[in-house]
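Asks: One file is attached below, query_25.json, containing JSON, C-alpha atoms.
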```
[["chain", "number", "residue", "atom", "x", "y", "z"],
["A", 1, "MET", "CA", 33.79, 9.45, -17.23],
["A", 2, "ILE", "CA", 31.91, 6.35, -18.41],
["A", 3, "TRP", "CA", 32.50, 4.66, -21.75],
["A", 4, "LEU", "CA", 29.25, 3.02, -22.85],
["A", 5, "ILE", "CA", 29.84, 0.43, -25.58],
["A", 6, "GLY", "CA", 26.69, -0.31, -27.55],
["A", 7, "SER", "CA", 25.04, 2.93, -26.42],
["A", 8, "LYS", "CA", 22.34, 2.83, -29.11],
["A", 9, "GLY", "CA", 21.15, -0.71, -28.38],
["A", 10, "MET", "CA", 18.13, -1.74, -26.33],
["A", 11, "LEU", "CA", 19.92, -1.77, -22.96],
["A", 12, "GLY", "CA", 22.61, 0.74, -23.86],
["A", 13, "SER", "CA", 20.11, 3.44, -24.81],
["A", 14, "GLU", "CA", 18.36, 3.04, -21.46],
["A", 15, "ILE", "CA", 21.65, 3.35, -19.58],
["A", 16, "ALA", "CA", 22.49, 6.41, -21.68],
["A", 17, "ARG", "CA", 19.19, 8.00, -20.68],
["A", 18, "ILE", "CA", 19.90, 7.49, -16.97],
["A", 19, "LEU", "CA", 23.46, 8.80, -17.20],
["A", 20, "THR", "CA", 22.24, 11.90, -19.03],
["A", 21, "GLN", "CA", 19.47, 12.48, -16.46],
["A", 22, "LYS", "CA", 21.96, 12.12, -13.62],
["A", 23, "ASN", "CA", 24.38, 14.50, -15.35],
["A", 24, "ILE", "CA", 27.10, 11.83, -15.39],
["A", 25, "PRO", "CA", 29.81, 12.40, -18.04],
["A", 26, "TRP", "CA", 29.79, 9.59, -20.57],
["A", 27, "ILE", "CA", 30.88, 8.80, -24.06],
["A", 28, "GLY", "CA", 29.31, 6.24, -26.36],
["A", 29, "SER", "CA", 30.50, 3.97, -29.12],
["A", 30, "ASN", "CA", 28.61, 1.65, -31.42],
["A", 31, "SER", "CA", 29.31, -0.10, -34.71],
["A", 32, "GLU", "CA", 31.82, 2.57, -35.71],
["A", 33, "VAL", "CA", 34.17, 1.03, -33.12],
["A", 34, "ASP", "CA", 34.48, -2.68, -33.90],
["A", 35, "ILE", "CA", 34.88, -4.57, -30.61],
["A", 36, "THR", "CA", 36.49, -7.50, -32.44],
["A", 37, "ASP", "CA", 39.31, -5.12, -33.43],
["A", 38, "ALA", "CA", 41.60, -4.56, -30.45],
["A", 39, "ASN", "CA", 43.32, -1.62, -32.14],
["A", 40, "ALA", "CA", 40.00, 0.12, -32.78],
["A", 41, "LEU", "CA", 39.08, -0.12, -29.10],
["A", 42, "ASN", "CA", 42.49, 1.10, -27.95],
["A", 43, "ASN", "CA", 42.46, 3.99, -30.40],
["A", 44, "PHE", "CA", 39.01, 5.07, -29.27],
["A", 45, "ALA", "CA", 40.02, 4.87, -25.62],
["A", 46, "ASP", "CA", 43.23, 6.82, -26.19],
["A", 47, "SER", "CA", 41.51, 9.52, -28.23],
["A", 48, "ASN", "CA", 38.78, 10.09, -25.65],
["A", 49, "ASP", "CA", 40.39, 9.35, -22.29],
["A", 50, "THR", "CA", 41.07, 12.68, -20.51],
["A", 51, "SER", "CA", 40.01, 14.47, -23.71],
["A", 52, "ALA", "CA", 37.60, 17.39, -23.82],
["A", 53, "ARG", "CA", 36.83, 16.83, -27.50],
["A", 54, "GLN", "CA", 33.37, 15.69, -28.59],
["A", 55, "THR", "CA", 32.55, 14.07, -31.93],
["A", 56, "GLY", "CA", 29.30, 13.36, -33.69],
["A", 57, "LYS", "CA", 29.54, 9.72, -32.63],
["A", 58, "SER", "CA", 30.39, 10.42, -29.02],
["A", 59, "VAL", "CA", 28.00, 11.71, -26.41],
["A", 60, "SER", "CA", 28.36, 13.08, -22.92],
["A", 61, "SER", "CA", 26.12, 14.71, -20.38],
["A", 62, "GLY", "CA", 27.59, 18.10, -21.16],
["A", 63, "ARG", "CA", 30.29, 18.23, -18.51],
["A", 64, "VAL", "CA", 33.91, 18.18, -19.65],
["A", 65, "PRO", "CA", 34.91, 14.51, -20.01],
["A", 66, "GLY", "CA", 37.88, 13.30, -18.05],
["A", 67, "LYS", "CA", 39.57, 10.00, -17.42],
["A", 68, "ILE", "CA", 37.54, 6.92, -18.34],
["A", 69, "THR", "CA", 36.91, 5.19, -15.01],
["A", 70, "TRP", "CA", 34.13, 2.82, -16.09],
["A", 71, "VAL", "CA", 33.50, 0.76, -19.21],
["A", 72, "ILE", "CA", 30.02, -0.72, -19.71],
["A", 73, "ASN", "CA", 29.79, -3.38, -22.41],
["A", 74, "CYS", "CA", 26.30, -3.69, -23.87],
["A", 75, "ALA", "CA", 27.51, -4.79, -27.30],
["A", 76, "ALA", "CA", 26.70, -8.37, -28.25],
["A", 77, "TYR", "CA", 25.55, -10.76, -30.94],
["A", 78, "THR", "CA", 22.05, -11.61, -29.68],
["A", 79, "ASN", "CA", 20.21, -13.43, -32.49],
["A", 80, "VAL", "CA", 19.88, -16.86, -30.87],
["A", 81, "ASP", "CA", 18.65, -18.75, -33.93],
["A", 82, "LYS", "CA", 20.92, -17.05, -36.46],
["A", 83, "ALA", "CA", 23.91, -17.82, -34.22],
["A", 84, "GLU", "CA", 23.49, -21.48, -35.23],
["A", 85, "GLU", "CA", 24.25, -20.44, -38.80],
["A", 86, "GLU", "CA", 26.88, -17.86, -37.86],
["A", 87, "LYS", "CA", 28.68, -19.65, -35.06],
["A", 88, "GLU", "CA", 32.08, -18.11, -35.82],
["A", 89, "LEU", "CA", 30.68, -14.58, -35.92],
["A", 90, "ALA", "CA", 28.77, -15.05, -32.66],
["A", 91, "MET", "CA", 31.90, -16.40, -30.98],
["A", 92, "LYS", "CA", 34.00, -13.59, -32.40],
["A", 93, "VAL", "CA", 31.67, -10.83, -31.17],
["A", 94, "ASN", "CA", 30.63, -12.30, -27.82],
["A", 95, "GLY", "CA", 33.94, -13.99, -27.05],
["A", 96, "GLU", "CA", 36.84, -12.18, -28.70],
["A", 97, "GLY", "CA", 34.99, -8.88, -28.43],
["A", 98, "ALA", "CA", 34.64, -9.31, -24.67],
["A", 99, "LEU", "CA", 38.31, -10.27, -24.44],
["A", 100, "ASN", "CA", 39.39, -7.12, -26.30],
["A", 101, "ILE", "CA", 37.18, -4.91, -24.15],
["A", 102, "ALA", "CA", 38.50, -6.48, -20.94],
["A", 103, "ARG", "CA", 42.11, -5.93, -22.05],
["A", 104, "THR", "CA", 41.46, -2.32, -23.05],
["A", 105, "THR", "CA", 39.65, -1.68, -19.77],
["A", 106, "ARG", "CA", 42.57, -3.09, -17.79],
["A", 107, "ARG", "CA", 45.10, -1.07, -19.80],
["A", 108, "ILE", "CA", 43.37, 2.26, -19.09],
["A", 109, "GLY", "CA", 42.83, 1.37, -15.42],
["A", 110, "ALA", "CA", 39.03, 1.39, -15.50],
["A", 111, "LYS", "CA", 36.34, -0.87, -14.04],
["A", 112, "LEU", "CA", 34.25, -3.07, -16.33],
["A", 113, "ILE", "CA", 30.54, -3.90, -16.29],
["A", 114, "HIS", "CA", 29.85, -6.76, -18.69],
["A", 115, "ILE", "CA", 26.41, -8.14, -19.55],
["A", 116, "SER", "CA", 25.86, -11.88, -19.88],
["A", 117, "THR", "CA", 22.82, -14.13, -20.17],
["A", 118, "ASP", "CA", 20.74, -16.86, -18.58],
["A", 119, "PHE", "CA", 21.26, -18.89, -21.77],
["A", 120, "ILE", "CA", 24.67, -20.01, -20.51],
["A", 121, "PHE", "CA", 22.69, -22.68, -18.59],
["A", 122, "ASP", "CA", 20.99, -25.80, -19.96],
["A", 123, "GLY", "CA", 17.86, -25.68, -17.80],
["A", 124, "ALA", "CA", 18.39, -29.10, -16.25],
["A", 125, "LYS", "CA", 18.56, -27.75, -12.69],
["A", 126, "LYS", "CA", 14.85, -26.88, -12.41],
["A", 127, "SER", "CA", 15.51, -24.39, -9.63],
["A", 128, "PRO", "CA", 16.88, -20.81, -9.84],
["A", 129, "TYR", "CA", 20.50, -20.67, -10.97],
["A", 130, "THR", "CA", 22.97, -19.02, -8.59],
["A", 131, "GLU", "CA", 26.20, -17.22, -9.43],
["A", 132, "GLU", "CA", 28.10, -20.36, -8.39],
["A", 133, "ASP", "CA", 26.45, -22.70, -10.90],
["A", 134, "ILE", "CA", 28.67, -23.90, -13.73],
["A", 135, "PRO", "CA", 27.68, -22.80, -17.25],
["A", 136, "CYS", "CA", 26.52, -25.55, -19.58],
["A", 137, "PRO", "CA", 25.01, -23.87, -22.66],
["A", 138, "LEU", "CA", 22.80, -25.66, -25.16],
["A", 139, "ASN", "CA", 23.21, -23.42, -28.20],
["A", 140, "SER", "CA", 25.86, -21.43, -30.05],
["A", 141, "TYR", "CA", 24.70, -18.12, -28.63],
["A", 142, "GLY", "CA", 24.98, -19.47, -25.08],
["A", 143, "LYS", "CA", 28.40, -20.95, -25.81],
["A", 144, "SER", "CA", 29.66, -17.64, -27.18],
["A", 145, "LYS", "CA", 28.43, -15.75, -24.11],
["A", 146, "ALA", "CA", 29.93, -18.34, -21.75],
["A", 147, "TYR", "CA", 33.25, -17.92, -23.54],
["A", 148, "GLY", "CA", 32.90, -14.15, -23.15],
["A", 149, "GLU", "CA", 32.49, -14.63, -19.41],
["A", 150, "GLU", "CA", 35.71, -16.69, -19.32],
["A", 151, "CYS", "CA", 37.54, -13.97, -21.21],
["A", 152, "VAL", "CA", 36.41, -11.24, -18.83],
["A", 153, "THR", "CA", 37.11, -13.13, -15.61],
["A", 154, "SER", "CA", 40.55, -14.27, -16.80],
["A", 155, "GLU", "CA", 41.73, -10.88, -18.06],
["A", 156, "ILE", "CA", 40.59, -8.38, -15.45],
["A", 157, "THR", "CA", 39.93, -8.33, -11.71],
["A", 158, "ARG", "CA", 37.87, -5.15, -11.36],
["A", 159, "TYR", "CA", 34.68, -6.29, -13.06],
["A", 160, "TYR", "CA", 30.97, -6.73, -12.47],
["A", 161, "LEU", "CA", 29.62, -9.48, -14.68],
["A", 162, "ILE", "CA", 25.83, -9.31, -14.75],
["A", 163, "ARG", "CA", 23.73, -12.22, -15.94],
["A", 164, "SER", "CA", 20.20, -11.43, -17.04],
["A", 165, "GLY", "CA", 17.65, -12.71, -19.52],
["A", 166, "TRP", "CA", 14.38, -12.27, -21.41],
["A", 167, "LEU", "CA", 15.16, -8.58, -21.84],
["A", 168, "TYR", "CA", 12.80, -6.09, -23.42],
["A", 169, "GLY", "CA", 13.12, -2.34, -23.89],
["A", 170, "PHE", "CA", 12.04, 0.66, -25.93],
["A", 171, "ASN", "CA", 14.79, 0.64, -28.51],
["A", 172, "GLY", "CA", 14.93, -2.47, -30.66],
["A", 173, "LYS", "CA", 13.16, -5.71, -31.44],
["A", 174, "ASN", "CA", 11.88, -7.71, -28.47],
["A", 175, "PHE", "CA", 9.16, -10.15, -27.41],
["A", 176, "VAL", "CA", 6.78, -7.49, -26.08],
["A", 177, "TYR", "CA", 6.75, -5.51, -29.32],
["A", 178, "THR", "CA", 6.54, -8.66, -31.43],
["A", 179, "MET", "CA", 3.60, -10.08, -29.47],
["A", 180, "THR", "CA", 1.72, -6.79, -29.34],
["A", 181, "ASN", "CA", 1.96, -6.40, -33.11],
["A", 182, "LEU", "CA", 0.87, -10.00, -33.70],
["A", 183, "MET", "CA", -2.07, -9.64, -31.34],
["A", 184, "LYS", "CA", -3.18, -6.41, -33.02],
["A", 185, "ASN", "CA", -3.31, -8.10, -36.41],
["A", 186, "ASN", "CA", -4.29, -11.72, -35.79],
["A", 187, "PRO", "CA", -7.22, -13.58, -34.21],
["A", 188, "SER", "CA", -4.81, -15.96, -32.44],
["A", 189, "VAL", "CA", -1.13, -16.50, -31.67],
["A", 190, "LYS", "CA", 0.77, -19.61, -30.59],
["A", 191, "VAL", "CA", 3.41, -19.31, -27.85],
["A", 192, "VAL", "CA", 5.58, -21.99, -26.24],
["A", 193, "ASN", "CA", 4.59, -23.01, -22.73],
["A", 194, "ASP", "CA", 7.49, -25.33, -21.80],
["A", 195, "GLN", "CA", 10.27, -22.76, -21.35],
["A", 196, "THR", "CA", 10.42, -20.89, -18.04],
["A", 197, "GLY", "CA", 12.38, -17.77, -17.16],
["A", 198, "THR", "CA", 11.88, -14.20, -15.96],
["A", 199, "PRO", "CA", 11.00, -11.26, -18.22],
["A", 200, "THR", "CA", 13.26, -8.32, -17.41],
["A", 201, "SER", "CA", 12.73, -4.66, -18.21],
["A", 202, "CYS", "CA", 15.77, -2.77, -19.46],
["A", 203, "ILE", "CA", 14.53, 0.11, -17.31],
["A", 204, "ASN", "CA", 15.22, -1.92, -14.18],
["A", 205, "LEU", "CA", 18.48, -3.47, -15.39],
["A", 206, "ALA", "CA", 19.81, -0.04, -16.35],
["A", 207, "ALA", "CA", 18.85, 1.32, -12.92],
["A", 208, "PHE", "CA", 20.67, -1.61, -11.28],
["A", 209, "ILE", "CA", 23.80, -0.91, -13.32],
["A", 210, "TYR", "CA", 23.68, 2.74, -12.31],
["A", 211, "LYS", "CA", 23.30, 1.73, -8.66],
["A", 212, "ILE", "CA", 26.46, -0.37, -8.89],
["A", 213, "ILE", "CA", 28.39, 2.60, -10.28],
["A", 214, "GLU", "CA", 26.91, 5.07, -7.81],
["A", 215, "THR", "CA", 27.57, 2.98, -4.70],
["A", 216, "SER", "CA", 31.05, 2.01, -5.87],
["A", 217, "ASP", "CA", 32.08, 5.60, -6.61],
["A", 218, "LYS", "CA", 30.67, 6.85, -3.31],
["A", 219, "ALA", "CA", 32.53, 4.13, -1.43],
["A", 220, "ALA", "CA", 35.76, 4.99, -3.27],
["A", 221, "GLY", "CA", 35.39, 8.59, -2.20],
["A", 222, "LEU", "CA", 34.88, 7.65, 1.45],
["A", 223, "PHE", "CA", 37.07, 4.60, 1.86],
["A", 224, "GLY", "CA", 39.81, 4.84, -0.74],
["A", 225, "LYS", "CA", 39.89, 1.76, -2.95],
["A", 226, "LYS", "CA", 37.15, -0.12, -1.16],
["A", 227, "SER", "CA", 34.14, -0.94, -3.33],
["A", 228, "ALA", "CA", 30.60, -0.90, -1.97],
["A", 229, "LEU", "CA", 29.78, -4.03, -3.97],
["A", 230, "PRO", "CA", 32.49, -6.69, -4.24],
["A", 231, "TYR", "CA", 33.68, -7.38, -7.76],
["A", 232, "GLY", "CA", 32.39, -10.55, -9.33],
["A", 233, "ILE", "CA", 29.39, -12.21, -10.98],
["A", 234, "TYR", "CA", 25.81, -11.15, -10.17],
["A", 235, "ASN", "CA", 22.40, -12.27, -11.35],
["A", 236, "PHE", "CA", 19.72, -9.72, -12.12],
["A", 237, "SER", "CA", 16.18, -9.95, -13.42],
["A", 238, "ASP", "CA", 12.76, -8.82, -12.33],
["A", 239, "GLY", "CA", 10.94, -10.84, -9.69],
["A", 240, "GLY", "CA", 9.05, -14.07, -10.24],
["A", 241, "GLU", "CA", 9.02, -16.54, -13.12],
["A", 242, "CYS", "CA", 6.77, -17.57, -16.00],
["A", 243, "SER", "CA", 6.64, -19.32, -19.34],
["A", 244, "TRP", "CA", 6.66, -17.48, -22.67],
["A", 245, "PHE", "CA", 2.96, -18.40, -22.86],
["A", 246, "ASP", "CA", 2.31, -16.73, -19.49],
["A", 247, "PHE", "CA", 4.33, -13.72, -20.63],
["A", 248, "ALA", "CA", 2.27, -13.41, -23.81],
["A", 249, "ASN", "CA", -1.01, -13.65, -21.90],
["A", 250, "GLU", "CA", 0.08, -10.80, -19.63],
["A", 251, "ILE", "CA", 1.07, -8.71, -22.63],
["A", 252, "TYR", "CA", -2.40, -9.27, -24.05],
["A", 253, "ARG", "CA", -4.12, -8.43, -20.75],
["A", 254, "ILE", "CA", -2.20, -5.18, -20.34],
["A", 255, "GLY", "CA", -2.54, -4.32, -24.01],
["A", 256, "LYS", "CA", -6.33, -4.66, -23.83],
["A", 257, "LYS", "CA", -6.49, -2.79, -20.52],
["A", 258, "HIS", "CA", -4.69, 0.24, -21.92],
["A", 259, "SER", "CA", -6.26, 0.04, -25.40],
["A", 260, "LEU", "CA", -2.97, -0.82, -27.07],
["A", 261, "ILE", "CA", -4.73, -3.88, -28.54],
["A", 262, "GLN", "CA", -8.22, -3.20, -29.85],
["A", 263, "ASN", "CA", -9.23, -6.58, -31.26],
["A", 264, "ASP", "CA", -9.71, -9.95, -29.56],
["A", 265, "CYS", "CA", -6.85, -12.41, -29.88],
["A", 266, "GLU", "CA", -6.60, -15.93, -28.45],
["A", 267, "VAL", "CA", -3.20, -16.88, -27.01],
["A", 268, "LYS", "CA", -2.69, -20.60, -27.62],
["A", 269, "PRO", "CA", -0.03, -22.74, -25.94],
["A", 270, "CYS", "CA", 2.35, -24.96, -27.90],
["A", 271, "THR", "CA", 5.47, -26.98, -27.19],
["A", 272, "SER", "CA", 9.02, -26.11, -28.20],
["A", 273, "LEU", "CA", 8.93, -29.01, -30.65],
["A", 274, "GLU", "CA", 5.84, -27.57, -32.31],
["A", 275, "PHE", "CA", 7.45, -24.14, -32.58],
["A", 276, "GLU", "CA", 10.44, -25.61, -34.42],
["A", 277, "SER", "CA", 13.06, -22.98, -33.61],
["A", 278, "ILE", "CA", 16.55, -23.51, -34.99],
["A", 279, "ALA", "CA", 18.39, -23.19, -31.67],
["A", 280, "GLU", "CA", 17.66, -25.36, -28.65],
["A", 281, "ARG", "CA", 16.73, -23.28, -25.62],
["A", 282, "PRO", "CA", 16.86, -24.10, -21.90],
["A", 283, "SER", "CA", 13.53, -25.25, -20.49],
["A", 284, "TYR", "CA", 14.31, -23.45, -17.22],
["A", 285, "SER", "CA", 16.58, -20.41, -16.92],
["A", 286, "VAL", "CA", 15.34, -18.52, -13.85],
["A", 287, "LEU", "CA", 18.14, -16.70, -12.01],
["A", 288, "ASP", "CA", 18.53, -16.54, -8.24],
["A", 289, "LYS", "CA", 18.84, -12.88, -7.18],
["A", 290, "SER", "CA", 19.31, -13.34, -3.43],
["A", 291, "LEU", "CA", 22.95, -12.20, -3.60],
["A", 292, "ILE", "CA", 22.23, -8.75, -5.02],
["A", 293, "GLN", "CA", 19.23, -8.35, -2.76],
["A", 294, "LYS", "CA", 21.49, -9.01, 0.22],
["A", 295, "GLU", "CA", 24.46, -6.92, -0.96],
["A", 296, "LEU", "CA", 22.51, -3.85, -2.12],
["A", 297, "SER", "CA", 19.31, -4.21, -0.09],
["A", 298, "ILE", "CA", 17.19, -3.82, -3.19],
["A", 299, "LYS", "CA", 13.61, -4.93, -3.71],
["A", 300, "LEU", "CA", 12.87, -6.46, -7.09],
["A", 301, "PRO", "CA", 9.59, -5.52, -8.77],
["A", 302, "SER", "CA", 7.48, -8.35, -10.12],
["A", 303, "TRP", "CA", 7.83, -9.00, -13.82],
["A", 304, "GLN", "CA", 4.11, -8.24, -14.20],
["A", 305, "ASP", "CA", 4.41, -4.78, -12.62],
["A", 306, "SER", "CA", 7.50, -4.00, -14.68],
["A", 307, "LEU", "CA", 5.76, -5.05, -17.87],
["A", 308, "GLU", "CA", 2.77, -2.79, -17.18],
["A", 309, "GLN", "CA", 5.07, 0.13, -16.40],
["A", 310, "PHE", "CA", 6.83, -0.45, -19.71],
["A", 311, "MET", "CA", 3.66, -0.72, -21.79],
["A", 312, "LYS", "CA", 2.13, 2.36, -20.14],
["A", 313, "ASP", "CA", 5.20, 4.50, -20.83],
["A", 314, "LYS", "CA", 4.82, 7.18, -23.50],
["A", 315, "ARG", "CA", 7.95, 5.80, -25.18],
["A", 316, "PHE", "CA", 6.23, 2.48, -25.88],
["A", 317, "SER", "CA", 5.87, 2.08, -29.63],
["A", 318, "CYS", "CA", 5.40, -1.21, -31.45],
["A", 319, "ASN", "CA", 4.54, 0.18, -34.89]]
```
Could you render the structure from this file as C-alpha cells?

Replies:
Amino acid sequence: MIWLIGSKGMLGSEIARILTQKNIPWIGSNSEVDITDANALNNFADSNDTSARQTGKSVSSGRVPGKITWVINCAAYTNVDKAEEEKELAMKVNGEGALNIARTTRRIGAKLIHISTDFIFDGAKKSPYTEEDIPCPLNSYGKSKAYGEECVTSEITRYYLIRSGWLYGFNGKNFVYTMTNLMKNNPSVKVVNDQTGTPTSCINLAAFIYKIIETSDKAAGLFGKKSALPYGIYNFSDGGECSWFDFANEIYRIGKKHSLIQNDCEVKPCTSLEFESIAERPSYSVLDKSLIQKELSIKLPSWQDSLEQFMKDKRFSCN
C-alpha cells in the first residue's frame, strides 16, 4: 500500500488519479496530519499500516489496504515570496516536516519518494544542473527545501529524491491558470524574460513517479531486494528550456488556438528588477535529465507539447 502525503495538492491529486486508475491500494493524508508533528505522522502510520479500516480522510483504490511499502511526500510550503516573511514556518514545513516523514518511513520499513525543487540552485552555472551539483539557494524557500533534502538523505537510505520545477497542474494555483486569466481580462501582460527554466506538467511528473514505483516493485518480485532504479537523487522536468516570457507567449498561443482566450492580449517582456518580487530567484534553473533517461530509457516530451496537452484536457479550468 502507498501512503500519499499531500494527496489533495496539485501534484498529489495527479498521483492519486494514476494510483486509482491502476487499481493500486493507497491511502492519503493532508492537513489533518501535520507533518511537523512527528507523533501525528507515527499515529497515522500505525493506525493505517496493515489495517483494513477506511476513514473519510483516507482513500484507497478499493482493494483491502495492507502494509505501507511506499511513502510519497508531496506536502510542502511553496509560496516563494511569502517564505521571505515566514522563514521559520517554511523551514519547519519543508525541513522538519521532511525529517519527520523520513524517520516515520524508516520506522515502518517503507521506501520514500520526496519531491524537491530547482530553486535549491542559484542559477550561476548557466548550464543544466546535474544531480551532483551542490545546492546554493538564493531565497528562504530554496534554503528550506535544501535543508529538507539534507534531512531525507541523512535519515533514510531507501529513498528517491526528485528535483523538479516550474510545476503546473489541474488542482491549485499555478502560472498557466494565472496567465490565462490575465490574458482573458487584459489587453497586455508583463512577464519576466531573464529567468530560464523548464515548465513541467504534473501529469508527466506523476507518471514518472508511478514508473519508479512500478519498476521497483517488479524488480523486487523478480530479484528479491534489488531495485530497478538505484536509490538516490534524480532530476525530472519536461524537455527543453525557456524564460517565463516564452512560457507566457506559448500559453497565449495555445489559448487562442483552442478558444480558451477570446480577446487579443500583448505579452510584454520585463526584467526581474522591474517585476519587483520579494524573493530573489535563480536566473537559470534548468535541470539535466540525462540520468533518468539513461536509467529508465524514457523519452521526455517537450514543454510545449506538454503544455498543449494540459490546456486541451477537459479538466483544464482557470475560472

Asks: List every protein, DNA or RNA residue with an atom no more than 8 Å from (36.8, 7.6, -10.7) in the file's coordinates, counting only C-alpha atoms, and format the result as a PyMOL selection string.

Replies: chain A and resi 1+67-70+217+220

Asks: Using only C-alpha atoms, find the one residue out of A:Asp133, A:Thr105, A:Ile27, A:Gly9 that sits nearest to A:Thr78.

Replies: A:Gly9

Asks: What is the distance between atom CA of A:Glu280 and atom CA of A:Trp166, in Å to one decimal?

Replies: 15.3 Å

Asks: So, with only C-alpha atoms as the atoms that count, which of A:Lys289, A:Lys211, A:Lys268, A:Lys314 lies closest to A:Ile18?

Replies: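 The closest residue to A:Ile18 is A:Lys211.
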
Asks: Atom CA of A:Phe310 to atom CA of A:Lys126: how many Å, to one decimal?

Replies: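 Interatomic distance here is 28.6 Å.
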
Asks: Could you pull out every residue with an atom within 12 Å of (30.1, -13.1, -32.6), file coordinates, counting all atoms listed in the file, and send them as an MDAnalysis selection string?

Replies: chainID A and resid 34:36 75:80 82:99 140:145 147:148

Asks: Which residue out of A:Ile203, A:Ile156, A:Val189, A:Ile134 has the minimum interatomic distance to A:Arg315 when only C-alpha atoms are used?

Replies: A:Ile203

Asks: Please provide as a ChimeraX atom specification all residues within 12 Å of A:Val33, with the sequence filter that same-chain residues fewer than 5 positions apart are discarded (counting only C-alpha atoms).

Replies: /A:4-7,28,38-45,57-58,75,97,100-101

Asks: Is there a way to complete stretch 241-247 of chain A with all heavy atoms and then write that out as an mmCIF file, keeping the file's coordinate frame?

Replies:
```cif
data_model
loop_
_atom_site.group_PDB
_atom_site.id
_atom_site.type_symbol
_atom_site.label_atom_id
_atom_site.label_comp_id
_atom_site.auth_asym_id
_atom_site.auth_seq_id
_atom_site.Cartn_x
_atom_site.Cartn_y
_atom_site.Cartn_z
ATOM 1 N N GLU A 241 8.680 -15.714 -11.966
ATOM 2 C CA GLU A 241 9.020 -16.540 -13.120
ATOM 3 C C GLU A 241 7.753 -16.880 -13.889
ATOM 4 O O GLU A 241 6.649 -16.827 -13.342
ATOM 5 C CB GLU A 241 9.746 -17.811 -12.706
ATOM 6 C CG GLU A 241 8.960 -18.722 -11.799
ATOM 7 C CD GLU A 241 9.758 -19.946 -11.376
ATOM 8 O OE1 GLU A 241 10.781 -19.781 -10.676
ATOM 9 O OE2 GLU A 241 9.346 -21.070 -11.747
ATOM 10 N N CYS A 242 7.921 -17.234 -15.156
ATOM 11 C CA CYS A 242 6.770 -17.570 -16.000
ATOM 12 C C CYS A 242 7.255 -18.261 -17.262
ATOM 13 O O CYS A 242 8.454 -18.287 -17.549
ATOM 14 C CB CYS A 242 5.974 -16.320 -16.358
ATOM 15 S SG CYS A 242 6.859 -15.160 -17.429
ATOM 16 N N SER A 243 6.322 -18.785 -18.025
ATOM 17 C CA SER A 243 6.640 -19.320 -19.340
ATOM 18 C C SER A 243 6.441 -18.213 -20.379
ATOM 19 O O SER A 243 5.840 -17.168 -20.087
ATOM 20 C CB SER A 243 5.726 -20.500 -19.668
ATOM 21 O OG SER A 243 4.390 -20.058 -19.852
ATOM 22 N N TRP A 244 6.910 -18.451 -21.591
ATOM 23 C CA TRP A 244 6.660 -17.480 -22.670
ATOM 24 C C TRP A 244 5.157 -17.336 -22.909
ATOM 25 O O TRP A 244 4.673 -16.243 -23.229
ATOM 26 C CB TRP A 244 7.352 -17.927 -23.953
ATOM 27 C CG TRP A 244 8.860 -17.824 -23.914
ATOM 28 C CD1 TRP A 244 9.748 -18.855 -23.829
ATOM 29 C CD2 TRP A 244 9.647 -16.631 -23.971
ATOM 30 N NE1 TRP A 244 11.035 -18.369 -23.818
ATOM 31 C CE2 TRP A 244 11.001 -17.012 -23.913
ATOM 32 C CE3 TRP A 244 9.336 -15.268 -24.066
ATOM 33 C CZ2 TRP A 244 12.048 -16.092 -23.939
ATOM 34 C CZ3 TRP A 244 10.379 -14.340 -24.096
ATOM 35 C CH2 TRP A 244 11.713 -14.754 -24.025
ATOM 36 N N PHE A 245 4.421 -18.421 -22.722
ATOM 37 C CA PHE A 245 2.960 -18.400 -22.860
ATOM 38 C C PHE A 245 2.334 -17.488 -21.815
ATOM 39 O O PHE A 245 1.462 -16.665 -22.126
ATOM 40 C CB PHE A 245 2.427 -19.828 -22.737
ATOM 41 C CG PHE A 245 0.928 -19.932 -22.703
ATOM 42 C CD1 PHE A 245 0.166 -19.670 -23.831
ATOM 43 C CD2 PHE A 245 0.273 -20.304 -21.531
ATOM 44 C CE1 PHE A 245 -1.215 -19.771 -23.802
ATOM 45 C CE2 PHE A 245 -1.111 -20.407 -21.489
ATOM 46 C CZ PHE A 245 -1.864 -20.150 -22.630
ATOM 47 N N ASP A 246 2.792 -17.610 -20.555
ATOM 48 C CA ASP A 246 2.310 -16.730 -19.490
ATOM 49 C C ASP A 246 2.646 -15.266 -19.797
ATOM 50 O O ASP A 246 1.837 -14.356 -19.579
ATOM 51 C CB ASP A 246 2.934 -17.110 -18.149
ATOM 52 C CG ASP A 246 2.586 -18.516 -17.714
ATOM 53 O OD1 ASP A 246 1.474 -18.979 -18.023
ATOM 54 O OD2 ASP A 246 3.442 -19.161 -17.065
ATOM 55 N N PHE A 247 3.854 -15.058 -20.273
ATOM 56 C CA PHE A 247 4.330 -13.720 -20.630
ATOM 57 C C PHE A 247 3.419 -13.117 -21.704
ATOM 58 O O PHE A 247 2.975 -11.958 -21.593
ATOM 59 C CB PHE A 247 5.780 -13.847 -21.134
ATOM 60 C CG PHE A 247 6.537 -12.561 -21.305
ATOM 61 C CD1 PHE A 247 6.034 -11.340 -20.881
ATOM 62 C CD2 PHE A 247 7.801 -12.584 -21.905
ATOM 63 C CE1 PHE A 247 6.769 -10.157 -21.047
ATOM 64 C CE2 PHE A 247 8.534 -11.420 -22.081
ATOM 65 C CZ PHE A 247 8.015 -10.208 -21.660
#
```
